[in-house]
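Report on one structure; see the data block that follows.
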Amino acid sequence: MSDCNHDCGSCGMDCAERETSPEDMLIKLHERSSVKKVIGVVSGKGGVGKSTVTSLLATGMNRAGYKTAVMDADITGPSIPKAFGVKETLYGTPEGLLVPATTKTGIDVVSVNLLLENDTDPVLWRGPILGGVIQQFWSETLWQNIDYMFVDMPPGTGDVPLTVFQSLPLSGIVIVASPQELVGMIVEKAVNMARMMNVPILGLVENMSYLVCPDCGKKISVFGESHIMDIAAKYSLPVLGRLPIDSKLSAACDNGAIEDLEENYLADAVTVLENIE
């Protein structure tokens, strides 16, 4: 249009020059659903314990008295149901809304593994389908009075993380890393992606930071010296927690008993999340 001032926010015309704002790409919740804050849990690579951190964050916020939910967005490698010991098959309401499973302490969970006949069945879907499933998990699930939803994302910067960043109203993300120097470079990729997408970064969590010697109590850096503080300083980000290599934590995840774990490794993270505006 010849008289266009390029202020699409004040214009109701649907023209070819119209610029799409980030808000225009958000997928709406169903009218019967309510989610106050959405926290993405991301990592630049696999195997760093992202699902473990997601489970601990959800458990911590639930213990603090908030109604909590987990959306398992790692469609091809879902592990959230295993960590919480949830095995029930999801069902729908008469109007077609998916009803989340509920853990023994009241955390709502949606995962593709709860829709499969066998939890070891592979999910052989391409990127666009994966993105569509994430949008359906958000908009076609009955999320009731959720204070904090944690979205466990697959690693990297591919289709699914991009879908979550663009389609869900993220209050912020938590980036998970491990101590290796190579992982430090990958973490920076995740930080840069979030900043390019204008998604707030709430902080970093380092997993497998150290092993406590059972005899002398000394902290042993099994995977080398940590670089998490250097990365945090470079990008002016807080470190929300450093998880040790702990057999009790591994056993809790393997046995579906993450909610029974007494150690509160992410107390600082819970405080930060409680103060999100």
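Letters A, B, ... mark the chains of the structure tokens in the order given; residue numbers begin at 1 per chain; ligand numbers begin at 1, in order shown.
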
Practice item. Fewer than 6 positions away in the same chain doesn't count, so skip those; otherwise give me all residues within 9 Å of range 58-71 of chain A, counting only C-alpha atoms, as a ChimeraX atom specification. Key: /A:80,100,102,105-111,134,137-138,143-153,258-259,264,266-267,269-270,273-274

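Backbone DSSP of range 157-220 of chain A yields helix (DSSP H, G or I) at Asp159, Val160, Pro161, Leu162, Thr163, Val164, Phe165, Gln166, Ser167, Glu181, Leu182, Val183, Gly184, Met185, Ile186, Val187, Glu188, Lys189, Ala190, Val191, Asn192, Met193, Ala194, Arg195 and Met196 of chain A.
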
For those residues, write N, CA and C atoms to a file as a PDB file, in the first residue's frame.
ATOM      1  N   ASP A 159      13.246 -28.426  14.423  1.00  0.00           N
ATOM      2  CA  ASP A 159      11.834 -28.110  14.219  1.00  0.00           C
ATOM      3  C   ASP A 159      11.056 -27.961  15.522  1.00  0.00           C
ATOM      4  N   VAL A 160      11.203 -28.924  16.434  1.00  0.00           N
ATOM      5  CA  VAL A 160      10.376 -28.904  17.643  1.00  0.00           C
ATOM      6  C   VAL A 160      10.727 -27.734  18.562  1.00  0.00           C
ATOM      7  N   PRO A 161      12.007 -27.491  18.888  1.00  0.00           N
ATOM      8  CA  PRO A 161      12.303 -26.297  19.685  1.00  0.00           C
ATOM      9  C   PRO A 161      11.809 -25.017  19.021  1.00  0.00           C
ATOM     10  N   LEU A 162      11.948 -24.933  17.700  1.00  0.00           N
ATOM     11  CA  LEU A 162      11.475 -23.748  16.989  1.00  0.00           C
ATOM     12  C   LEU A 162       9.959 -23.606  17.114  1.00  0.00           C
ATOM     13  N   THR A 163       9.241 -24.730  17.008  1.00  0.00           N
ATOM     14  CA  THR A 163       7.782 -24.702  17.162  1.00  0.00           C
ATOM     15  C   THR A 163       7.396 -24.219  18.554  1.00  0.00           C
ATOM     16  N   VAL A 164       8.079 -24.741  19.579  1.00  0.00           N
ATOM     17  CA  VAL A 164       7.770 -24.339  20.950  1.00  0.00           C
ATOM     18  C   VAL A 164       8.053 -22.854  21.142  1.00  0.00           C
ATOM     19  N   PHE A 165       9.194 -22.388  20.651  1.00  0.00           N
ATOM     20  CA  PHE A 165       9.570 -20.985  20.816  1.00  0.00           C
ATOM     21  C   PHE A 165       8.560 -20.055  20.145  1.00  0.00           C
ATOM     22  N   GLN A 166       8.026 -20.477  19.014  1.00  0.00           N
ATOM     23  CA  GLN A 166       7.130 -19.618  18.245  1.00  0.00           C
ATOM     24  C   GLN A 166       5.657 -19.773  18.626  1.00  0.00           C
ATOM     25  N   SER A 167       5.260 -20.958  19.079  1.00  0.00           N
ATOM     26  CA  SER A 167       3.842 -21.254  19.256  1.00  0.00           C
ATOM     27  C   SER A 167       3.345 -21.139  20.683  1.00  0.00           C
ATOM     28  N   GLU A 181      34.002 -29.222  27.865  1.00  0.00           N
ATOM     29  CA  GLU A 181      34.243 -27.987  27.125  1.00  0.00           C
ATOM     30  C   GLU A 181      33.438 -27.959  25.833  1.00  0.00           C
ATOM     31  N   LEU A 182      33.303 -29.119  25.161  1.00  0.00           N
ATOM     32  CA  LEU A 182      32.520 -29.185  23.931  1.00  0.00           C
ATOM     33  C   LEU A 182      31.085 -28.751  24.193  1.00  0.00           C
ATOM     34  N   VAL A 183      30.521 -29.183  25.321  1.00  0.00           N
ATOM     35  CA  VAL A 183      29.145 -28.831  25.654  1.00  0.00           C
ATOM     36  C   VAL A 183      29.014 -27.321  25.845  1.00  0.00           C
ATOM     37  N   GLY A 184      30.083 -26.684  26.337  1.00  0.00           N
ATOM     38  CA  GLY A 184      30.050 -25.245  26.509  1.00  0.00           C
ATOM     39  C   GLY A 184      29.754 -24.535  25.202  1.00  0.00           C
ATOM     40  N   MET A 185      30.362 -24.999  24.126  1.00  0.00           N
ATOM     41  CA  MET A 185      30.095 -24.397  22.822  1.00  0.00           C
ATOM     42  C   MET A 185      28.637 -24.601  22.415  1.00  0.00           C
ATOM     43  N   ILE A 186      28.098 -25.798  22.702  1.00  0.00           N
ATOM     44  CA  ILE A 186      26.721 -26.101  22.351  1.00  0.00           C
ATOM     45  C   ILE A 186      25.743 -25.259  23.174  1.00  0.00           C
ATOM     46  N   VAL A 187      26.086 -25.033  24.431  1.00  0.00           N
ATOM     47  CA  VAL A 187      25.246 -24.196  25.288  1.00  0.00           C
ATOM     48  C   VAL A 187      25.131 -22.795  24.695  1.00  0.00           C
ATOM     49  N   GLU A 188      26.236 -22.280  24.191  1.00  0.00           N
ATOM     50  CA  GLU A 188      26.215 -20.943  23.602  1.00  0.00           C
ATOM     51  C   GLU A 188      25.296 -20.888  22.388  1.00  0.00           C
ATOM     52  N   LYS A 189      25.205 -21.976  21.647  1.00  0.00           N
ATOM     53  CA  LYS A 189      24.262 -22.026  20.530  1.00  0.00           C
ATOM     54  C   LYS A 189      22.821 -21.886  21.039  1.00  0.00           C
ATOM     55  N   ALA A 190      22.518 -22.593  22.122  1.00  0.00           N
ATOM     56  CA  ALA A 190      21.171 -22.513  22.688  1.00  0.00           C
ATOM     57  C   ALA A 190      20.877 -21.111  23.208  1.00  0.00           C
ATOM     58  N   VAL A 191      21.869 -20.497  23.846  1.00  0.00           N
ATOM     59  CA  VAL A 191      21.699 -19.130  24.341  1.00  0.00           C
ATOM     60  C   VAL A 191      21.440 -18.180  23.182  1.00  0.00           C
ATOM     61  N   ASN A 192      22.217 -18.318  22.128  1.00  0.00           N
ATOM     62  CA  ASN A 192      22.059 -17.427  20.976  1.00  0.00           C
ATOM     63  C   ASN A 192      20.726 -17.634  20.275  1.00  0.00           C
ATOM     64  N   MET A 193      20.265 -18.886  20.205  1.00  0.00           N
ATOM     65  CA  MET A 193      18.960 -19.141  19.596  1.00  0.00           C
ATOM     66  C   MET A 193      17.860 -18.447  20.394  1.00  0.00           C
ATOM     67  N   ALA A 194      17.902 -18.593  21.712  1.00  0.00           N
ATOM     68  CA  ALA A 194      16.878 -17.988  22.551  1.00  0.00           C
ATOM     69  C   ALA A 194      16.866 -16.472  22.383  1.00  0.00           C
ATOM     70  N   ARG A 195      18.032 -15.883  22.298  1.00  0.00           N
ATOM     71  CA  ARG A 195      18.100 -14.425  22.151  1.00  0.00           C
ATOM     72  C   ARG A 195      17.615 -13.983  20.770  1.00  0.00           C
ATOM     73  N   MET A 196      17.901 -14.769  19.753  1.00  0.00           N
ATOM     74  CA  MET A 196      17.391 -14.450  18.421  1.00  0.00           C
ATOM     75  C   MET A 196      15.867 -14.524  18.377  1.00  0.00           C
TER      76      MET A 196
END

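Among the candidates A:Gly127, A:Gly217, A:Gly203, A:Gly256, the one nearest to Gly241 in chain A when counting only C-alpha atoms is A:Gly203.
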
Picked from range 116-245 of chain A by DSSP as strand (DSSP E), as a PDB file with N, CA and C atoms, in the first residue's frame:
ATOM      1  N   ILE A 146      -3.309 -24.527  35.770  1.00  0.00           N
ATOM      2  CA  ILE A 146      -1.882 -24.793  35.884  1.00  0.00           C
ATOM      3  C   ILE A 146      -1.134 -23.497  36.211  1.00  0.00           C
ATOM      4  N   ASP A 147      -0.370 -23.515  37.288  1.00  0.00           N
ATOM      5  CA  ASP A 147       0.474 -22.366  37.635  1.00  0.00           C
ATOM      6  C   ASP A 147       1.770 -22.368  36.825  1.00  0.00           C
ATOM      7  N   TYR A 148       2.404 -23.529  36.744  1.00  0.00           N
ATOM      8  CA  TYR A 148       3.664 -23.657  36.013  1.00  0.00           C
ATOM      9  C   TYR A 148       3.625 -24.906  35.133  1.00  0.00           C
ATOM     10  N   MET A 149       3.835 -24.709  33.833  1.00  0.00           N
ATOM     11  CA  MET A 149       4.000 -25.832  32.919  1.00  0.00           C
ATOM     12  C   MET A 149       5.455 -25.875  32.459  1.00  0.00           C
ATOM     13  N   PHE A 150       6.054 -27.056  32.554  1.00  0.00           N
ATOM     14  CA  PHE A 150       7.419 -27.257  32.077  1.00  0.00           C
ATOM     15  C   PHE A 150       7.368 -28.049  30.776  1.00  0.00           C
ATOM     16  N   VAL A 151       8.058 -27.550  29.772  1.00  0.00           N
ATOM     17  CA  VAL A 151       8.082 -28.194  28.461  1.00  0.00           C
ATOM     18  C   VAL A 151       9.453 -28.812  28.266  1.00  0.00           C
ATOM     19  N   ASP A 152       9.503 -30.144  28.274  1.00  0.00           N
ATOM     20  CA  ASP A 152      10.755 -30.877  28.085  1.00  0.00           C
ATOM     21  C   ASP A 152      10.995 -31.011  26.588  1.00  0.00           C
ATOM     22  N   LEU A 170       6.064 -18.625  26.069  1.00  0.00           N
ATOM     23  CA  LEU A 170       7.094 -18.963  27.044  1.00  0.00           C
ATOM     24  C   LEU A 170       7.384 -17.794  27.978  1.00  0.00           C
ATOM     25  N   SER A 171       7.381 -18.085  29.272  1.00  0.00           N
ATOM     26  CA  SER A 171       7.815 -17.108  30.261  1.00  0.00           C
ATOM     27  C   SER A 171       9.334 -17.076  30.342  1.00  0.00           C
ATOM     28  N   GLY A 172       9.974 -18.125  29.859  1.00  0.00           N
ATOM     29  CA  GLY A 172      11.422 -18.203  29.860  1.00  0.00           C
ATOM     30  C   GLY A 172      11.876 -19.632  29.675  1.00  0.00           C
ATOM     31  N   ILE A 173      13.179 -19.816  29.524  1.00  0.00           N
ATOM     32  CA  ILE A 173      13.737 -21.156  29.370  1.00  0.00           C
ATOM     33  C   ILE A 173      14.863 -21.369  30.374  1.00  0.00           C
ATOM     34  N   VAL A 174      15.085 -22.633  30.693  1.00  0.00           N
ATOM     35  CA  VAL A 174      16.226 -23.063  31.496  1.00  0.00           C
ATOM     36  C   VAL A 174      17.099 -23.914  30.584  1.00  0.00           C
ATOM     37  N   ILE A 175      18.381 -23.610  30.506  1.00  0.00           N
ATOM     38  CA  ILE A 175      19.302 -24.340  29.645  1.00  0.00           C
ATOM     39  C   ILE A 175      20.115 -25.315  30.488  1.00  0.00           C
ATOM     40  N   VAL A 176      20.151 -26.574  30.048  1.00  0.00           N
ATOM     41  CA  VAL A 176      20.843 -27.640  30.779  1.00  0.00           C
ATOM     42  C   VAL A 176      22.143 -27.988  30.061  1.00  0.00           C
ATOM     43  N   ALA A 177      23.207 -28.161  30.823  1.00  0.00           N
ATOM     44  CA  ALA A 177      24.507 -28.486  30.254  1.00  0.00           C
ATOM     45  C   ALA A 177      25.221 -29.494  31.135  1.00  0.00           C
ATOM     46  N   ILE A 201      15.960 -16.007  29.015  1.00  0.00           N
ATOM     47  CA  ILE A 201      16.726 -17.121  29.572  1.00  0.00           C
ATOM     48  C   ILE A 201      16.769 -16.941  31.083  1.00  0.00           C
ATOM     49  N   LEU A 202      16.179 -17.874  31.798  1.00  0.00           N
ATOM     50  CA  LEU A 202      16.084 -17.761  33.252  1.00  0.00           C
ATOM     51  C   LEU A 202      17.373 -18.148  33.943  1.00  0.00           C
ATOM     52  N   GLY A 203      18.155 -19.021  33.301  1.00  0.00           N
ATOM     53  CA  GLY A 203      19.415 -19.422  33.895  1.00  0.00           C
ATOM     54  C   GLY A 203      19.899 -20.753  33.368  1.00  0.00           C
ATOM     55  N   LEU A 204      21.032 -21.197  33.892  1.00  0.00           N
ATOM     56  CA  LEU A 204      21.678 -22.440  33.473  1.00  0.00           C
ATOM     57  C   LEU A 204      21.678 -23.448  34.612  1.00  0.00           C
ATOM     58  N   VAL A 205      21.537 -24.718  34.246  1.00  0.00           N
ATOM     59  CA  VAL A 205      21.687 -25.811  35.206  1.00  0.00           C
ATOM     60  C   VAL A 205      22.742 -26.759  34.661  1.00  0.00           C
ATOM     61  N   GLU A 206      23.725 -27.087  35.478  1.00  0.00           N
ATOM     62  CA  GLU A 206      24.748 -28.041  35.062  1.00  0.00           C
ATOM     63  C   GLU A 206      24.480 -29.394  35.717  1.00  0.00           C
ATOM     64  N   LEU A 211      31.329 -35.701  41.395  1.00  0.00           N
ATOM     65  CA  LEU A 211      31.029 -36.902  42.172  1.00  0.00           C
ATOM     66  C   LEU A 211      31.590 -36.700  43.575  1.00  0.00           C
ATOM     67  N   VAL A 212      30.772 -36.929  44.575  1.00  0.00           N
ATOM     68  CA  VAL A 212      31.239 -36.806  45.960  1.00  0.00           C
ATOM     69  C   VAL A 212      31.835 -38.138  46.401  1.00  0.00           C
ATOM     70  N   LYS A 219      34.858 -33.445  46.346  1.00  0.00           N
ATOM     71  CA  LYS A 219      34.146 -33.377  45.067  1.00  0.00           C
ATOM     72  C   LYS A 219      35.132 -33.647  43.934  1.00  0.00           C
ATOM     73  N   ILE A 220      34.825 -34.666  43.139  1.00  0.00           N
ATOM     74  CA  ILE A 220      35.699 -35.081  42.044  1.00  0.00           C
ATOM     75  C   ILE A 220      35.053 -34.669  40.726  1.00  0.00           C
ATOM     76  N   VAL A 239      23.457 -19.120  37.440  1.00  0.00           N
ATOM     77  CA  VAL A 239      23.531 -20.587  37.492  1.00  0.00           C
ATOM     78  C   VAL A 239      22.506 -21.032  38.529  1.00  0.00           C
ATOM     79  N   LEU A 240      21.510 -21.766  38.094  1.00  0.00           N
ATOM     80  CA  LEU A 240      20.392 -22.137  38.957  1.00  0.00           C
ATOM     81  C   LEU A 240      20.650 -23.397  39.770  1.00  0.00           C
ATOM     82  N   GLY A 241      21.695 -24.133  39.419  1.00  0.00           N
ATOM     83  CA  GLY A 241      21.996 -25.346  40.156  1.00  0.00           C
ATOM     84  C   GLY A 241      23.071 -26.162  39.473  1.00  0.00           C
ATOM     85  N   ARG A 242      23.761 -26.980  40.264  1.00  0.00           N
ATOM     86  CA  ARG A 242      24.768 -27.913  39.745  1.00  0.00           C
ATOM     87  C   ARG A 242      24.474 -29.271  40.363  1.00  0.00           C
TER      88      ARG A 242
END

Check your understanding: Which residues come within 10 Å of Gln136 in chain A, counting only C-alpha atoms, excluding same-chain residues fewer than 6 positions away, as a PyMOL selection string?
Key -> chain A and resi 27+29+97-98+130

Atoms kept (N, CA, C and O atoms) for selection, written as a PDB file, in the first residue's frame:
ATOM      1  N   ILE A  27      -0.141 -20.114  19.543  1.00  0.00           N
ATOM      2  CA  ILE A  27      -1.327 -20.971  19.482  1.00  0.00           C
ATOM      3  C   ILE A  27      -2.137 -20.763  20.757  1.00  0.00           C
ATOM      4  O   ILE A  27      -1.594 -20.795  21.864  1.00  0.00           O
ATOM      5  N   LEU A  29      -4.725 -21.464  23.807  1.00  0.00           N
ATOM      6  CA  LEU A  29      -5.240 -22.556  24.628  1.00  0.00           C
ATOM      7  C   LEU A  29      -6.725 -22.745  24.357  1.00  0.00           C
ATOM      8  O   LEU A  29      -7.408 -21.828  23.890  1.00  0.00           O
ATOM      9  N   LEU A  97     -11.059 -33.223  23.834  1.00  0.00           N
ATOM     10  CA  LEU A  97      -9.872 -32.728  24.517  1.00  0.00           C
ATOM     11  C   LEU A  97      -9.121 -33.871  25.186  1.00  0.00           C
ATOM     12  O   LEU A  97      -9.728 -34.779  25.754  1.00  0.00           O
ATOM     13  N   LEU A  98      -7.796 -33.814  25.114  1.00  0.00           N
ATOM     14  CA  LEU A  98      -6.965 -34.823  25.766  1.00  0.00           C
ATOM     15  C   LEU A  98      -6.886 -34.517  27.264  1.00  0.00           C
ATOM     16  O   LEU A  98      -6.697 -33.365  27.662  1.00  0.00           O
ATOM     17  N   LEU A 130       5.764 -33.580  13.905  1.00  0.00           N
ATOM     18  CA  LEU A 130       6.180 -33.400  15.296  1.00  0.00           C
ATOM     19  C   LEU A 130       5.739 -32.036  15.814  1.00  0.00           C
ATOM     20  O   LEU A 130       5.213 -31.911  16.926  1.00  0.00           O
TER      21      LEU A 130
END

Exercise for review: Could you check how far CA of Val99 in chain A sits from CA of Ala73 in chain A, in Å to one decimal?
Suggested key: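 Distance reported for this atom pair: 16.2 Å.
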
Check your understanding: Taking only C-alpha atoms into account, which of A:Asn275, A:Ser250, A:Asn118, A:Thr141 comes nearest Ser51 in chain A?
Key ->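 Under the stated criterion, the closest residue is A:Ser250.
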